[in-house]
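Peer 1: Structure file query_9.cif (mmCIF, C-alpha atoms) is given on the next line.
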data_protein
loop_
_atom_site.label_atom_id
_atom_site.label_comp_id
_atom_site.auth_asym_id
_atom_site.auth_seq_id
_atom_site.Cartn_x
_atom_site.Cartn_y
_atom_site.Cartn_z
CA MET A 1 10.79 -6.13 32.86
CA LEU A 2 12.70 -4.65 29.94
CA LYS A 3 14.98 -2.80 32.36
CA THR A 4 15.99 -5.92 34.23
CA ASP A 5 19.65 -6.70 34.74
CA PHE A 6 19.17 -9.91 32.75
CA SER A 7 20.76 -8.27 29.72
CA ARG A 8 23.27 -9.52 27.20
CA ARG A 9 26.06 -7.59 28.86
CA SER A 10 25.34 -8.79 32.38
CA PHE A 11 25.02 -12.31 31.02
CA LEU A 12 28.44 -12.15 29.39
CA LYS A 13 29.94 -10.73 32.59
CA LYS A 14 28.46 -13.61 34.57
CA MET A 15 29.70 -16.00 31.92
CA GLY A 16 33.21 -14.65 32.31
CA LYS A 17 33.23 -15.77 35.92
CA THR A 18 32.18 -19.31 35.15
CA ALA A 19 35.29 -20.98 33.77
CA ALA A 20 38.48 -20.24 31.90
CA VAL A 21 37.48 -22.84 29.34
CA SER A 22 34.82 -20.44 28.05
CA SER A 23 37.34 -17.93 26.70
CA LEU A 24 36.08 -18.47 23.15
CA PHE A 25 32.56 -17.71 24.34
CA LEU A 26 33.60 -14.34 25.73
CA GLN A 27 34.54 -12.78 22.42
CA SER A 28 32.03 -9.94 22.48
CA ASP A 29 29.65 -9.20 19.65
CA SER A 30 29.92 -5.60 18.45
CA ASN A 31 26.15 -5.46 18.33
CA ASN A 32 25.61 -6.16 22.05
CA GLN A 33 24.50 -2.75 23.20
CA ALA A 34 21.28 -1.01 24.35
CA SER A 35 19.02 -0.52 27.33
CA GLY A 36 15.49 0.31 27.43
CA THR A 37 11.91 0.91 26.87
CA THR A 38 9.05 -0.63 24.93
CA SER A 39 7.44 0.36 21.66
CA SER A 40 4.78 -0.74 19.24
CA LEU A 41 5.96 -2.15 15.92
CA SER A 42 3.30 -0.77 13.64
CA GLY A 43 3.90 -1.45 9.98
CA GLN A 44 7.39 -2.88 10.28
CA SER A 45 6.66 -6.54 9.59
CA GLU A 46 4.48 -8.65 7.38
CA ILE A 47 1.88 -10.42 9.51
CA SER A 48 0.97 -13.93 8.45
CA GLN A 49 -2.68 -14.72 7.92
CA LYS A 50 -4.33 -15.11 11.32
CA MET A 51 -4.21 -18.73 12.40
CA PRO A 52 -5.93 -20.53 15.28
CA VAL A 53 -4.17 -19.63 18.49
CA HIS A 54 -2.34 -22.66 19.86
CA LEU A 55 -0.41 -20.78 22.54
CA SER A 56 -2.33 -18.51 24.86
CA GLY A 57 -0.93 -15.99 27.28
CA ASN A 58 -1.00 -18.69 29.97
CA ASP A 59 0.82 -21.33 27.95
CA VAL A 60 4.54 -21.90 28.36
CA ILE A 61 6.49 -21.21 25.18
CA LYS A 62 9.34 -23.68 24.92
CA ILE A 63 12.55 -22.38 23.38
CA ALA A 64 15.52 -24.18 21.84
CA LEU A 65 18.86 -22.49 21.17
CA LEU A 66 20.97 -23.51 18.19
CA GLY A 67 24.36 -21.86 18.50
CA CYS A 68 25.52 -20.98 22.02
CA GLY A 69 28.04 -18.22 21.36
CA PRO A 70 27.55 -14.58 22.40
CA ARG A 71 24.83 -13.87 19.85
CA GLY A 72 22.83 -16.97 20.61
CA SER A 73 23.16 -16.84 24.37
CA GLY A 74 22.28 -13.15 24.37
CA ALA A 75 19.20 -13.80 22.26
CA ALA A 76 18.06 -16.61 24.57
CA VAL A 77 18.49 -14.38 27.62
CA ASP A 78 16.48 -11.64 25.90
CA ALA A 79 13.63 -14.01 25.04
CA LEU A 80 13.52 -15.44 28.56
CA THR A 81 13.61 -11.92 30.02
CA VAL A 82 10.74 -10.35 28.10
CA ASP A 83 8.29 -13.23 28.61
CA SER A 84 8.30 -14.87 32.03
CA ASN A 85 6.18 -17.75 30.75
CA THR A 86 9.00 -19.20 28.64
CA GLN A 87 11.38 -22.08 29.19
CA LEU A 88 14.67 -23.03 27.56
CA ILE A 89 14.43 -26.76 26.93
CA ALA A 90 17.18 -27.62 24.43
CA MET A 91 20.55 -26.39 23.21
CA GLY A 92 22.84 -27.31 20.33
CA ASP A 93 26.44 -26.40 19.57
CA LEU A 94 29.72 -27.87 18.35
CA GLN A 95 31.45 -27.18 21.67
CA PRO A 96 30.11 -28.99 24.77
CA HIS A 97 31.45 -26.42 27.23
CA ARG A 98 29.30 -23.71 25.69
CA ILE A 99 26.17 -25.65 26.57
CA SER A 100 27.25 -26.54 30.10
CA ASN A 101 28.49 -23.03 30.89
CA ASN A 102 25.35 -21.42 29.47
CA CYS A 103 23.11 -23.73 31.46
CA SER A 104 24.98 -22.90 34.65
CA VAL A 105 24.73 -19.13 34.19
CA MET A 106 21.15 -19.12 32.89
CA THR A 107 20.00 -21.33 35.75
CA GLU A 108 21.52 -18.84 38.16
CA MET A 109 19.64 -16.05 36.39
CA PHE A 110 16.25 -17.66 35.76
CA GLY A 111 16.04 -20.71 38.02
CA LYS A 112 15.67 -24.43 37.39
CA GLU A 113 11.96 -24.09 36.63
CA ARG A 114 12.77 -22.16 33.46
CA ILE A 115 16.05 -23.71 32.34
CA LYS A 116 14.99 -27.25 31.49
CA VAL A 117 17.96 -28.28 29.36
CA SER A 118 19.01 -31.81 30.23
CA GLU A 119 21.67 -34.19 29.02
CA GLU A 120 19.05 -35.67 26.69
CA THR A 121 18.31 -32.25 25.15
CA SER A 122 21.94 -31.10 24.84
CA PHE A 123 23.04 -31.78 21.28
CA ILE A 124 26.65 -31.64 20.13
CA GLY A 125 27.68 -31.74 16.48
CA PHE A 126 26.48 -30.99 12.97
CA ASP A 127 23.26 -32.94 13.52
CA ALA A 128 22.13 -30.70 16.40
CA CYS A 129 19.55 -28.91 14.24
CA HIS A 130 17.96 -32.19 13.19
CA LYS A 131 17.72 -33.30 16.83
CA ILE A 132 16.34 -29.96 18.02
CA CYS A 133 13.60 -30.24 15.40
CA GLN A 134 12.51 -33.47 17.09
CA THR A 135 12.06 -31.84 20.50
CA GLU A 136 8.93 -30.18 21.88
CA ALA A 137 10.38 -26.71 21.32
CA ASP A 138 7.91 -24.14 19.99
CA VAL A 139 10.60 -21.63 19.00
CA VAL A 140 14.14 -22.15 17.74
CA ILE A 141 16.69 -19.37 18.09
CA ILE A 142 19.36 -19.75 15.41
CA ALA A 143 22.66 -17.92 15.87
CA LEU A 144 25.40 -19.65 13.92
CA PRO A 145 27.99 -18.77 11.31
CA THR A 146 25.94 -17.25 8.49
CA TYR A 147 26.50 -20.14 6.05
CA PHE A 148 24.23 -22.38 8.17
CA HIS A 149 21.36 -19.91 8.60
CA PRO A 150 19.23 -20.44 5.45
CA HIS A 151 19.54 -24.23 5.67
CA TYR A 152 18.55 -24.52 9.31
CA MET A 153 15.93 -21.77 9.13
CA LYS A 154 14.05 -23.72 6.49
CA ARG A 155 14.51 -27.03 8.28
CA CYS A 156 13.05 -25.70 11.54
CA LEU A 157 10.05 -24.20 9.77
CA GLU A 158 9.44 -27.49 7.98
CA ALA A 159 9.38 -29.11 11.42
CA GLY A 160 6.67 -26.66 12.52
CA LYS A 161 8.88 -24.46 14.72
CA HIS A 162 8.71 -20.69 14.97
CA VAL A 163 12.13 -19.23 14.12
CA PHE A 164 14.24 -16.34 15.28
CA CYS A 165 17.35 -16.14 13.09
CA GLU A 166 20.27 -13.84 13.69
CA LYS A 167 21.64 -11.76 10.84
CA THR A 168 22.98 -12.18 8.23
CA HIS A 169 20.71 -14.75 6.63
CA ALA A 170 22.75 -16.03 3.67
CA VAL A 171 26.25 -15.93 2.19
CA ASP A 172 25.24 -16.68 -1.40
CA SER A 173 22.34 -16.20 -3.78
CA ARG A 174 21.03 -19.72 -3.32
CA GLY A 175 20.81 -19.00 0.40
CA VAL A 176 18.82 -15.84 -0.33
CA ARG A 177 16.38 -17.85 -2.42
CA MET A 178 16.08 -20.33 0.46
CA VAL A 179 15.14 -17.43 2.76
CA LEU A 180 12.36 -16.47 0.33
CA GLU A 181 11.19 -20.08 0.34
CA SER A 182 11.20 -19.95 4.14
CA GLN A 183 9.15 -16.75 4.03
CA GLN A 184 6.49 -18.52 2.00
CA LEU A 185 6.68 -21.65 4.15
CA ALA A 186 6.21 -19.65 7.35
CA ARG A 187 3.24 -17.84 5.85
CA GLU A 188 1.59 -21.11 4.80
CA LYS A 189 2.16 -22.76 8.17
CA GLY A 190 1.26 -19.72 10.26
CA LEU A 191 4.71 -19.60 11.87
CA ALA A 192 6.76 -16.63 13.03
CA LEU A 193 9.97 -15.88 11.13
CA VAL A 194 11.80 -13.06 12.88
CA SER A 195 15.12 -11.50 11.91
CA GLY A 196 18.06 -10.41 14.02
CA LEU A 197 18.20 -7.20 11.94
CA CYS A 198 17.21 -5.57 15.20
CA TRP A 199 16.97 -1.92 14.15
CA ARG A 200 13.55 -2.68 12.67
CA TYR A 201 12.40 -3.08 16.29
CA ASP A 202 14.11 -0.01 17.76
CA SER A 203 11.37 2.36 18.94
CA GLY A 204 13.33 5.52 18.08
CA ALA A 205 14.21 4.24 14.62
CA ILE A 206 10.58 3.25 14.01
CA GLU A 207 9.31 6.72 14.94
CA THR A 208 11.99 8.47 12.89
CA MET A 209 11.46 6.25 9.86
CA LYS A 210 7.71 6.82 10.01
CA ARG A 211 8.35 10.55 9.67
CA ILE A 212 10.68 9.97 6.72
CA HIS A 213 7.99 7.90 5.01
CA ASP A 214 5.45 10.64 5.75
CA GLY A 215 7.62 13.14 3.84
CA ALA A 216 9.48 14.95 6.63
CA ILE A 217 12.63 15.25 4.50
CA GLY A 218 10.79 15.30 1.16
CA GLU A 219 11.80 12.91 -1.60
CA ILE A 220 14.96 10.98 -0.77
CA VAL A 221 17.76 11.91 -3.17
CA ALA A 222 20.74 10.13 -1.55
CA LEU A 223 21.64 7.85 1.35
CA GLN A 224 24.91 7.35 3.21
CA GLU A 225 25.59 4.35 5.42
CA THR A 226 28.83 4.08 7.39
CA CYS A 227 30.17 1.38 9.69
CA ASN A 228 33.86 2.20 10.25
CA CYS A 229 35.37 0.69 13.39
CA GLY A 230 38.56 -0.71 14.82
CA GLY A 231 39.90 -4.17 14.06
CA LEU A 232 37.57 -7.13 14.26
CA ARG A 233 38.28 -9.88 16.73
CA CYS A 234 40.51 -12.73 15.60
CA LEU A 235 40.68 -16.08 17.44
CA PRO A 236 43.91 -18.07 17.49
CA ARG A 237 44.16 -21.60 16.23
CA LEU A 238 44.21 -24.13 19.07
CA ASP A 239 46.83 -26.86 19.34
CA ASN A 240 46.12 -29.82 17.04
CA GLN A 241 42.91 -28.20 15.79
CA ASP A 242 41.66 -29.39 12.41
CA GLU A 243 41.05 -26.83 9.65
CA LEU A 244 37.25 -26.96 9.64
CA SER A 245 36.97 -26.57 13.42
CA TYR A 246 39.39 -23.67 13.33
CA GLN A 247 37.48 -21.85 10.62
CA ILE A 248 34.11 -22.31 12.33
CA GLN A 249 35.63 -21.12 15.61
CA ASP A 250 37.06 -18.01 13.86
CA TRP A 251 34.22 -17.68 11.36
CA PHE A 252 34.28 -13.87 11.22
CA ASP A 253 37.51 -14.21 9.21
CA PHE A 254 36.25 -16.58 6.50
CA PHE A 255 34.12 -15.50 3.56
CA TRP A 256 32.21 -18.76 3.09
CA LEU A 257 31.03 -18.58 6.71
CA SER A 258 30.42 -14.83 7.16
CA CYS A 259 30.17 -13.02 3.79
CA ASP A 260 33.02 -10.75 4.99
CA LEU A 261 32.44 -7.34 6.63
CA PRO A 262 29.35 -6.50 4.53
CA GLY A 263 27.72 -9.61 5.95
CA LEU A 264 28.99 -9.13 9.50
CA ASN A 265 28.18 -5.48 10.19
CA LEU A 266 27.34 -3.36 7.15
CA VAL A 267 24.21 -5.44 6.55
CA HIS A 268 22.48 -3.63 9.44
CA HIS A 269 23.03 -0.34 7.62
CA LEU A 270 22.04 -1.71 4.22
CA ASP A 271 18.84 -2.95 5.83
CA LYS A 272 18.08 0.48 7.30
CA ALA A 273 18.64 2.09 3.89
CA SER A 274 16.30 -0.45 2.32
CA TRP A 275 13.75 0.36 5.01
CA ALA A 276 14.07 4.08 4.25
CA MET A 277 13.47 3.29 0.57
CA LYS A 278 10.24 1.46 1.49
CA GLU A 279 11.78 -1.90 0.53
CA GLU A 280 12.45 -0.85 -3.07
CA HIS A 281 15.49 -2.79 -4.15
CA PRO A 282 18.41 -1.25 -6.06
CA ILE A 283 19.06 -2.23 -9.66
CA ARG A 284 22.85 -2.56 -9.50
CA CYS A 285 25.98 -1.72 -7.53
CA TRP A 286 29.71 -1.24 -7.91
CA GLY A 287 32.43 -0.97 -5.31
CA MET A 288 36.03 -1.30 -4.21
CA GLY A 289 37.91 -2.50 -1.18
CA GLY A 290 40.89 -4.44 0.01
CA ARG A 291 43.05 -5.79 2.78
CA GLN A 292 45.71 -3.42 4.05
CA THR A 293 46.23 -3.82 7.80
CA ARG A 294 44.71 -7.22 8.61
CA ILE A 295 47.28 -9.13 6.58
CA GLY A 296 48.49 -12.65 7.20
CA LYS A 297 47.31 -16.19 7.76
CA SER A 298 45.71 -15.38 11.12
CA TYR A 299 43.08 -13.23 9.37
CA GLY A 300 41.63 -15.88 7.08
CA ASP A 301 40.54 -14.66 3.67
CA VAL A 302 38.38 -11.60 4.45
CA TRP A 303 39.17 -7.95 3.72
CA ASP A 304 39.36 -5.01 6.10
CA HIS A 305 37.54 -2.30 4.10
CA HIS A 306 34.76 -2.05 1.52
CA ALA A 307 33.00 0.84 -0.23
CA VAL A 308 29.97 0.42 -2.48
CA VAL A 309 27.48 2.49 -4.43
CA PHE A 310 23.98 1.12 -5.03
CA GLU A 311 21.91 2.68 -7.81
CA TYR A 312 18.11 2.77 -7.72
CA ALA A 313 15.80 2.98 -10.71
CA ASN A 314 14.67 6.50 -9.76
CA GLY A 315 18.25 7.84 -9.70
CA VAL A 316 18.80 7.68 -5.94
CA ARG A 317 22.21 6.43 -4.90
CA LEU A 318 23.19 4.70 -1.69
CA HIS A 319 26.84 5.17 -0.66
CA ALA A 320 27.91 2.59 1.92
CA PHE A 321 31.22 2.08 3.69
CA CYS A 322 32.63 -0.40 6.19
CA ARG A 323 36.13 -0.60 7.64
CA GLN A 324 37.81 -2.60 10.41
CA GLN A 325 41.24 -1.02 10.89
CA ASP A 326 42.81 -0.05 14.20
CA GLY A 327 43.99 3.54 14.53
CA THR A 328 41.50 4.93 12.01
CA THR A 329 38.72 7.45 12.64
CA PRO A 330 35.57 5.59 13.69
CA GLU A 331 32.11 6.43 12.44
CA VAL A 332 28.85 4.53 12.63
CA SER A 333 25.98 6.47 11.06
CA ASP A 334 22.86 6.39 8.88
CA ARG A 335 22.19 9.64 7.01
CA TYR A 336 19.41 10.20 4.50
CA PHE A 337 19.21 13.31 2.33
CA GLY A 338 15.93 14.60 0.90
CA SER A 339 14.54 17.50 -1.07
CA LYS A 340 13.36 19.23 2.15
CA GLY A 341 15.99 18.22 4.70
CA TYR A 342 18.01 15.30 5.96
CA CYS A 343 17.85 12.66 8.69
CA ASP A 344 20.42 11.35 11.16
CA LEU A 345 18.72 8.10 12.04
CA LEU A 346 20.98 7.02 14.91
CA SER A 347 20.39 10.29 16.76
CA TYR A 348 16.64 10.16 15.92
CA LYS A 349 16.81 13.66 14.38
CA ILE A 350 15.45 15.35 11.28
CA PHE A 351 16.90 18.63 10.02
CA GLY A 352 15.28 21.05 7.59
CA GLU A 353 11.77 22.38 7.02
CA GLN A 354 10.24 19.87 9.45
CA ALA A 355 13.00 19.75 12.05
CA TRP A 356 12.33 17.19 14.79
CA ALA A 357 14.13 15.20 17.47
CA LEU A 358 13.06 12.33 19.67
CA ASN A 359 13.76 13.16 23.30
CA GLU A 360 13.66 9.65 24.71
CA PRO A 361 16.39 7.26 25.85
CA PRO A 362 17.38 4.51 23.41
CA SER A 363 15.20 1.42 23.50
CA ASP A 364 16.52 -2.10 23.89
CA ARG A 365 15.94 -3.31 20.35
CA PHE A 366 17.40 -6.73 21.20
CA LYS A 367 14.68 -7.40 23.73
CA LEU A 368 11.95 -5.76 21.68
CA GLU A 369 12.45 -8.10 18.73
CA HIS A 370 11.84 -11.09 21.00
CA LEU A 371 8.94 -9.41 22.76
CA ALA A 372 7.29 -8.76 19.39
CA MET A 373 7.88 -12.33 18.22
CA LEU A 374 6.54 -13.98 21.37
CA ASN A 375 3.50 -11.68 21.54
CA SER A 376 2.71 -12.39 17.88
CA ILE A 377 2.83 -16.13 18.57
CA ARG A 378 0.50 -15.80 21.53
CA ASN A 379 -1.87 -13.58 19.52
CA GLY A 380 -2.02 -16.02 16.63
CA THR A 381 -0.66 -13.38 14.20
CA PRO A 382 2.95 -14.51 13.75
CA ILE A 383 5.39 -11.95 12.35
CA ASN A 384 7.11 -12.72 9.06
CA ASN A 385 10.29 -10.74 8.30
CA GLY A 386 11.30 -12.96 5.38
CA LEU A 387 11.22 -10.33 2.64
CA TYR A 388 13.68 -7.89 4.17
CA MET A 389 15.76 -10.77 5.53
CA ALA A 390 16.35 -11.88 1.95
CA GLN A 391 16.71 -8.44 0.39
CA SER A 392 19.20 -7.06 2.89
CA SER A 393 21.24 -10.26 2.80
CA LEU A 394 21.46 -10.04 -0.99
CA MET A 395 22.65 -6.43 -0.72
CA GLY A 396 25.43 -7.59 1.60
CA ILE A 397 26.38 -10.34 -0.85
CA MET A 398 26.37 -7.88 -3.76
CA THR A 399 28.60 -5.48 -1.82
CA THR A 400 31.19 -8.15 -1.17
CA TRP A 401 31.26 -9.39 -4.76
CA ALA A 402 31.30 -5.90 -6.27
CA CYS A 403 34.44 -5.15 -4.23
CA TYR A 404 36.07 -8.55 -4.80
CA THR A 405 35.61 -8.42 -8.58
CA GLY A 406 35.58 -4.74 -9.54
CA GLN A 407 32.50 -5.55 -11.62
CA MET A 408 29.13 -3.86 -11.79
CA ILE A 409 26.74 -6.33 -10.14
CA ASP A 410 23.15 -6.32 -11.40
CA TRP A 411 20.32 -7.14 -8.98
CA ASP A 412 18.75 -9.81 -11.18
CA GLU A 413 22.16 -11.27 -11.95
CA ALA A 414 22.86 -11.51 -8.22
CA MET A 415 19.47 -12.99 -7.37
CA ASN A 416 19.85 -15.71 -10.01
CA ASN A 417 23.52 -16.52 -9.44
CA ASN A 418 24.17 -20.23 -8.87
CA VAL A 419 27.59 -20.17 -7.20
CA ILE A 420 27.38 -22.01 -3.88
CA LEU A 421 29.75 -21.12 -1.05
CA GLY A 422 30.58 -23.91 1.34
CA PRO A 423 29.21 -27.45 1.14
CA GLU A 424 26.03 -27.81 -0.87
CA ASN A 425 24.33 -29.16 2.25
CA PRO A 426 25.70 -28.76 5.80
CA ASP A 427 24.65 -32.35 6.53
CA SER A 428 27.62 -33.46 4.44
CA LEU A 429 29.91 -32.18 7.20
CA LEU A 430 28.74 -35.10 9.34
CA THR A 431 30.53 -37.59 7.11
CA ASN A 432 33.05 -35.33 5.38
CA PRO A 433 34.17 -32.61 7.82
CA VAL A 434 36.42 -30.78 5.36
CA SER A 435 36.60 -27.03 4.82
CA PRO A 436 35.92 -25.76 1.27
CA VAL A 437 38.79 -23.26 1.72
CA CYS A 438 42.31 -24.42 2.52
CA PRO A 439 45.55 -22.53 3.15
CA ASP A 440 48.67 -22.92 1.03
CA GLU A 441 51.85 -24.53 2.34
CA ASP A 442 52.74 -21.27 4.13
CA GLY A 443 49.38 -21.09 5.87
CA ASN A 444 47.98 -18.23 3.76
CA TYR A 445 44.48 -18.34 2.29
CA PRO A 446 43.64 -17.48 -1.35
CA GLN A 447 42.46 -13.91 -1.98
CA PRO A 448 40.14 -12.47 -4.65
CA VAL A 449 41.74 -10.15 -7.20
CA PRO A 450 39.59 -7.38 -8.72
CA GLY A 451 39.60 -7.58 -12.48
CA ILE A 452 40.51 -11.27 -12.40
CA THR A 453 38.07 -12.78 -9.91
CA ARG A 454 34.63 -13.05 -11.52
CA PHE A 455 31.19 -13.11 -9.95
#
What would you get if you wrote out this structure as structure tokens?

Peer 2:
Amino acid sequence: MLKTDFSRRSFLKKMGKTAAVSSLFLQSDSNNQASGTTSSLSGQSEISQKMPVHLSGNDVIKIALLGCGPRGSGAAVDALTVDSNTQLIAMGDLQPHRISNNCSVMTEMFGKERIKVSEETSFIGFDACHKICQTEADVVIIALPTYFHPHYMKRCLEAGKHVFCEKTHAVDSRGVRMVLESQQLAREKGLALVSGLCWRYDSGAIETMKRIHDGAIGEIVALQETCNCGGLRCLPRLDNQDELSYQIQDWFDFFWLSCDLPGLNLVHHLDKASWAMKEEHPIRCWGMGGRQTRIGKSYGDVWDHHAVVFEYANGVRLHAFCRQQDGTTPEVSDRYFGSKGYCDLLSYKIFGEQAWALNEPPSDRFKLEHLAMLNSIRNGTPINNGLYMAQSSLMGIMTTWACYTGQMIDWDEAMNNNVILGPENPDSLLTNPVSPVCPDEDGNYPQPVPGITRF
């Protein structure tokens, strides 16, 4: 089943043939890659206290999708693929064509018996989450601009829904604290809370990390995380489009919606480093970055490169880099250095006294995260990823602010910070659809200035 053609890539290809109006939908997510095999997930997630099973292997699990862009649609396809006894019953988005186009393609892939989205369960607008919570959905897949994630994650759990939430999980410290509240809420209610930080479910990464934790490279002395790529996608403003709609459409390029590059892509690497450190959090960080090639009003207010150093209490340092500049040398890697050797996580190799390599094809981590979630629901032992969801998100936030300000950012200072990005509550956008960031008269957006901008 995991090798079926119902993959994210084939879905997007099918989607491309549906209608020209879906051009926004077709902006590909840099994370949509993999093909695969299955794996156990031993030790990689907190398991909530065993609750009475309310969904057996024969029961249909009903899924709702909140956010119908590439990430969300890919996640829904993955969930429907790995468990044939699932149905998609509701969808929510700001753009009606995303729902109609998705329904058309998914119905072609899975049939009308499994795609049960109707006009009554198609929700358009900022109240879509509220309406989805009133449906019979068992699971809600959330894949929105990051600003919305902690708010809607908590709301769905309060409504008794299991939640799969794409990364990143917060853009500010208050959002991180909301994720921790959601972790506790899911535990108390016996609900699954699963993260889109998908490397935690990659079978090769799991096996390699187990060996690191068993001492294959000795004591970790340093970590290096790199995510240097070409330019990030940028969506043009449509004719007569209001500012808020434009920014949500092009949310990669706005800090309050994405947390900049550290929130968009480096967070995967920060999460893997945190995993290697057995979830020990750093005590502080400092960094630098800027905006050199992606200059102008069409690139919002985000930067195109960041570099950060995290310091741990035991003296270990994590050096992390991300860059989105065309024409530069690309590198995406996770390297961990120990007293007895080092690890190249992405190649599943360990070098040194206990040299080792995994001779298996890459697994499909995107499908495996959904397989693990759905199995845990059926088994009555729902997975809870809340702790590393919060911790890795905070590390992404700290990276951005350390670069923006030029300050040393302390972990406790970051965790307790009260600055709120975006509206205090997304519900306010129903009555006051105004962006918190506005361009000047020339169309340029304000930029942070290290040494002047404060955390």

Peer 1: Apply the PyMOL selection byres ((chain A and resi 64) around 12) to the structure shown and report the selected residues as number ranges by chain.

Peer 2: A: 61-63, 65-68, 72-73, 75-77, 79-80, 86-93, 99, 115-118, 121-123, 128-129, 131-143, 156, 161-164

Peer 1: Might you pull out every residue within 9 Å of Gly290 of chain A, with all atoms listed in the file counted and same-chain residues fewer than 5 positions away left off, and present them as a list of chain:residue names?

Peer 2: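 Contacts, with the query itself left out: A:Val302, A:Trp303, A:Asp304, A:His305, A:His306, A:Cys403, A:Tyr404.
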
Peer 1: Tell me which protein, DNA and RNA residues are within 7 Å of Asp78 of chain A, counting all atoms listed in the file, leaving out same-chain ones fewer than 4 positions away, and put them as a PyMOL selection string.

Peer 2: chain A and resi 7+74+82+366-367+370

Peer 1: From (25.9, -20.6, -9.6), in the file's coordinates, out to 10 Å: which residues are reached, counting only C-alpha atoms? Answer as a list in words.

Peer 2: Asp172, Ser173, Arg174, Ala414, Asn416, Asn417, Asn418, Val419, Ile420, Leu421 and Phe455 of chain A

Peer 1: Output C-alpha atoms for every residue in that selection, as an mmCIF file, in the frame of the given file.

Peer 2:
data_model
loop_
_atom_site.group_PDB
_atom_site.id
_atom_site.type_symbol
_atom_site.label_atom_id
_atom_site.label_comp_id
_atom_site.auth_asym_id
_atom_site.auth_seq_id
_atom_site.Cartn_x
_atom_site.Cartn_y
_atom_site.Cartn_z
ATOM 1 C CA ASP A 172 25.240 -16.680 -1.400
ATOM 2 C CA SER A 173 22.340 -16.200 -3.780
ATOM 3 C CA ARG A 174 21.030 -19.720 -3.320
ATOM 4 C CA ALA A 414 22.860 -11.510 -8.220
ATOM 5 C CA ASN A 416 19.850 -15.710 -10.010
ATOM 6 C CA ASN A 417 23.520 -16.520 -9.440
ATOM 7 C CA ASN A 418 24.170 -20.230 -8.870
ATOM 8 C CA VAL A 419 27.590 -20.170 -7.200
ATOM 9 C CA ILE A 420 27.380 -22.010 -3.880
ATOM 10 C CA LEU A 421 29.750 -21.120 -1.050
ATOM 11 C CA PHE A 455 31.190 -13.110 -9.950
#

Peer 1: Using only C-alpha atoms, pick whichever of A:Ala159, A:Leu270, A:Leu371, A:Val176 has the shortest atom-to-atom distance to Cys322 of chain A.

Peer 2: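 Of A:Ala159, A:Leu270, A:Leu371, A:Val176, the one nearest Cys322 of chain A is A:Leu270, counting only C-alpha atoms.
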
Peer 1: Rounded to one decimal in Å, what is the spacing between atom CA of His149 of chain A and atom CA of Ser376 of chain A?

Peer 2: 22.1 Å

Peer 1: Can you work out which one of A:Ser339, A:Thr431, A:Thr381, A:Gln391 has the shortest atom-to-atom distance to Lys189 of chain A, counting all atoms listed in the file?

Peer 2: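 The closest residue to Lys189 of chain A is A:Thr381.
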
Peer 1: Work out how far atom CA of Leu257 of chain A is from atom CA of Glu369 of chain A, in Å to one decimal.

Peer 2: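 For atom CA of Glu369 of chain A relative to atom CA of Leu257 of chain A, the distance reads 24.5 Å.
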
Peer 1: Between A:Val434, A:Ala402, A:Gly175, A:Asp442, which one has atoms that come closest to Met415 of chain A, using all atoms listed in the file?

Peer 2: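 Of all the options, A:Gly175 lies closest to Met415 of chain A.
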
Peer 1: Please evaluate the PyMOL selection byres ((chain A and resi 321) around 12) against the structure above and give the resulting residues as a ChimeraX atom specification.

Peer 2: /A:223-229,261-262,265-270,287-289,304-310,318-320,322-324,330-334,396,399-400,403

Peer 1: Just checking: using all atoms listed in the file, which residue out of A:Gly111, A:Gly386, A:Gly338, A:Pro70 ends up closest to Leu185 of chain A?

Peer 2: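 Comparing A:Gly111, A:Gly386, A:Gly338, A:Pro70 against Leu185 of chain A, the winner is A:Gly386.
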
Peer 1: Pull out every residue that the PyMOL selection byres ((chain A and resi 252) around 12) matches in the shown coordinates and put them as a PyMOL selection string.

Peer 2: chain A and resi 27+29-30+144-147+168+231-235+246-251+253-265+298-304+324

Peer 1: Just how far from atom CA of Lys154 of chain A is atom CA of Gln184 of chain A, in Å to one decimal?

Peer 2: 10.2 Å

Peer 1: For Phe337 of chain A, which residue out of A:Ile397, A:Val449, A:Met153, A:Ala273 is the nearest one, using all atoms listed in the file?

Peer 2: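 Checking each of A:Ile397, A:Val449, A:Met153, A:Ala273 against Phe337 of chain A, counting all atoms listed in the file, the winner is A:Ala273.
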
Peer 1: Just want the 8 Å neighbourhood of Ile409 of chain A, counted on only C-alpha atoms, with same-chain residues fewer than 5 positions away dropped. Output as a PyMOL selection string.

Peer 2: chain A and resi 284-286+398+401-402+414

Peer 1: Which residue is closest to Cys198 of chain A? Choose from A:Arg378, A:Lys272, A:His169, A:Lys210 and count all atoms listed in the file.

Peer 2: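 Answer, going by the shortest atom-to-atom distance: A:Lys272.
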
Peer 1: Which residues, protein or nucleic acid, reach to within 9 Å of (12.8, -10.6, 14.1) in the file's coordinates when using only C-alpha atoms, and can you give that as a list in words?

Peer 2: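 I get Ser45, Val163, Phe164, Cys165, Glu166, Ala192, Leu193, Val194, Ser195, Gly196, Leu197, Cys198, Arg200, Tyr201, Glu369, His370, Ala372, Met373, Ile383, Asn384 and Asn385 of chain A for the residues within 9 Å of that point.
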